[in-house]
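The structure under discussion appears below in the form of structure tokens.
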Amino acid sequence: MPDFPYDRLRRWPDVEAENLQAHDATDLLLVERALALGIAGEEIAVIGDEYGAITLALTDAGRTGVRVHQDLATGRRALLRNAEELGLSGFASYELDRSLLDGARLVLLQLPKALAELEEITDAVARWAAPDAVLVAGGRVKHMTLAQNDVLARSFAEVQPQRAERKSRLIVASAPLPAPAAAPFPVSTVHGGLTVVAHGGAFAGSRIDIGTRVLLDALAGFGSQLSKNGPAIADIDPEGRDSSRSCGVVNGAPTVIDLGCGTGVLAVSYALAHPGARVIATDRSASAVASARATVEANALADRIAVTHDDAGSALADASADVVLLNPPFHLGASIHPGAATRLFEAAARMLRPGGELWTVYNSSLGYRAELSRLIGETEQVLRTPKFTVTRSIRR
């Protein structure tokens, strides 16, 4: 196999650190298998290529026309940056749809963490790829489970795990089964007055995760006016119902950002409780954004909530928000790393106007309060449960 300068790849704009690489052994195994099979680039689709290692190695080896889908906006930007740095082209990016997979005979997949996401991907491959398509999925052995084989077997007649190499393993799935008439995703669940819609890759699916519920409980029990021109955060019911204690904002309606919106539960709940608010929901995950848009539409709020696919709200203007709502992740891929939340705290600091409020919920063991005080401003604990803490930070 031709040498490829994997060590020149960067994770930027994602978090970068000495212990975080832009490639792993699974990427190398997937590339090696693809080159050994000798399939033309225009018949190859790559899914889950975090920072472009698979796509660019194939392109560098002469496989042009490769189609790639990356869920995260950070990964898409990293792929383009790495391609420019290495002087490579000959690939194209797609969403997880027919255009990505139509006619593909080889699909390379970095296994996702969530089984629901894997189910949506494998169904899409069986539904839209070539009849003789082969799906080669890979992951780090320590993160792989037998349940992944079971999910693959729902869409493929043959599922063959390979021997582990370099602490990674490939699974080869072939002979796609006929896809059911209805795709398994998105799914929806009604929670009182709120309908939540979710694609496979959306955190918590169509449930309302416990951290979000705790944040909604805190907002429901708190109504304040911080300054003459500041926002007054009114009661929000966890089920999305209006509150009789809802109050307005001096000098007009607030601009509220649901940062890392997931399925859009916070954005929709706030919009339902504040009919005059301008709400923006943003997430770096394409699956989350598709889910949030569907949730917004299911709750008849498409004319009041804008949903964007972006990296930490980078396209939103500085000092443009009155309120930011945040339930931050604490994982970077399979690794626990504080940088995941720090990037969002920094983004909130940039987007909030002076006196604006950041409402954050996090696992109490993470102890983010000091960092929030440093990056945003004065931070108070609003609510604490045995597992979660909700804080309110005022932008200095």
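Just remember, in the structure tokens the first chain shown is A, the second B, etc., residues are 1-based per chain, and ligands are 1-based in the order shown.
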Would you give me, as a PyMOL selection string, the residues in stretch 59-178 of chain A that DSSP reads as strand (DSSP E or B)?
chain A and resi 66-69+72+91-93+106-110+134-140+156-161+165+168-176
Can you tell me, as a list in words, what residues are no more than 9 Å from A:Ser155 when counting only C-alpha atoms, ignoring any on the same chain fewer than 5 positions away?
Glu119, Thr122, Asp123, Val125, Ala126, Arg127, Ala173, Ala175, Pro176, Leu177, Pro178 and Ala179 of chain A
How would the residues just picked look written out with N, CA and C atoms as an mmCIF file, in the first residue's frame?
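Writing the result to out04.cif gives the following:
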```
data_model
loop_
_atom_site.group_PDB
_atom_site.id
_atom_site.type_symbol
_atom_site.label_atom_id
_atom_site.label_comp_id
_atom_site.auth_asym_id
_atom_site.auth_seq_id
_atom_site.Cartn_x
_atom_site.Cartn_y
_atom_site.Cartn_z
ATOM 1 N N GLU A 119 -27.938 1.310 13.150
ATOM 2 C CA GLU A 119 -29.111 0.759 12.486
ATOM 3 C C GLU A 119 -29.562 1.644 11.331
ATOM 4 N N THR A 122 -26.908 1.205 8.451
ATOM 5 C CA THR A 122 -26.961 -0.080 7.750
ATOM 6 C C THR A 122 -28.233 -0.218 6.933
ATOM 7 N N ASP A 123 -29.335 0.317 7.440
ATOM 8 C CA ASP A 123 -30.568 0.304 6.653
ATOM 9 C C ASP A 123 -30.398 1.122 5.381
ATOM 10 N N VAL A 125 -27.619 1.717 3.744
ATOM 11 C CA VAL A 125 -26.739 1.001 2.809
ATOM 12 C C VAL A 125 -27.525 -0.096 2.086
ATOM 13 N N ALA A 126 -28.262 -0.901 2.840
ATOM 14 C CA ALA A 126 -29.042 -1.979 2.219
ATOM 15 C C ALA A 126 -30.128 -1.423 1.300
ATOM 16 N N ARG A 127 -30.662 -0.259 1.637
ATOM 17 C CA ARG A 127 -31.762 0.340 0.886
ATOM 18 C C ARG A 127 -31.284 0.955 -0.427
ATOM 19 N N ALA A 173 -19.813 -7.120 6.151
ATOM 20 C CA ALA A 173 -21.230 -7.457 5.952
ATOM 21 C C ALA A 173 -21.527 -7.453 4.459
ATOM 22 N N ALA A 175 -24.229 -9.283 1.068
ATOM 23 C CA ALA A 175 -25.563 -9.774 0.686
ATOM 24 C C ALA A 175 -26.660 -8.955 1.363
ATOM 25 N N PRO A 176 -26.852 -7.696 0.928
ATOM 26 C CA PRO A 176 -27.886 -6.852 1.534
ATOM 27 C C PRO A 176 -29.264 -7.492 1.449
ATOM 28 N N LEU A 177 -30.010 -7.397 2.544
ATOM 29 C CA LEU A 177 -31.372 -7.906 2.582
ATOM 30 C C LEU A 177 -32.344 -6.846 2.053
ATOM 31 N N PRO A 178 -33.502 -7.266 1.545
ATOM 32 C CA PRO A 178 -34.485 -6.283 1.090
ATOM 33 C C PRO A 178 -34.869 -5.334 2.232
ATOM 34 N N ALA A 179 -34.835 -4.052 1.931
ATOM 35 C CA ALA A 179 -35.169 -3.062 2.961
ATOM 36 C C ALA A 179 -36.674 -3.012 3.171
#
```
Please report, as a ChimeraX atom specification, each residue of stretch 137-380 of chain A to which DSSP assigns alpha helix (DSSP H) when run on this structure's backbone.
/A:146-153,210-220,265-273,286-298,339-351,369-375
Distance query A:Thr385 at most 9 Å, only C-alpha atoms, self and fewer than 4 positions along chain excluded, as a list in words
Val214, Ser364, Thr389 and Val390 of chain A
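For the pair atom CA of A:Tyr368 and atom CA of A:Glu117, the separation is 29.5 Å.
Reported to one decimal place, the separation of atom CA of A:Ala288 from atom CA of A:Ser393 is 25.6 Å.
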Just to confirm, what's the straight-line distance from atom CA of A:Gly262 to atom CA of A:Ile394 in Å (one decimal)?
23.8 Å
Quick one: everything within 10 Å of A:Ala92, counting only C-alpha atoms, minus sequence neighbours fewer than 3 positions away in the same chain. Send it as JSON, numbers by chain.
{"A": [42, 45, 55, 64, 65, 66, 67, 68, 69, 89, 100]}
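Remark: for A:Arg140, the closest of the candidate residues A:Leu29, A:Leu72, A:Ala286, A:Val107 is A:Leu29 (distances computed over only C-alpha atoms).
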Of A:Val196, A:Ile280, A:Leu216, A:Ala73, the one nearest to A:Trp359 when counting only C-alpha atoms is A:Leu216
Quick one: of A:Val190, A:Val307, A:Ile257, A:Ala181, who's nearest to A:Gly356, counting only C-alpha atoms?
A:Ile257
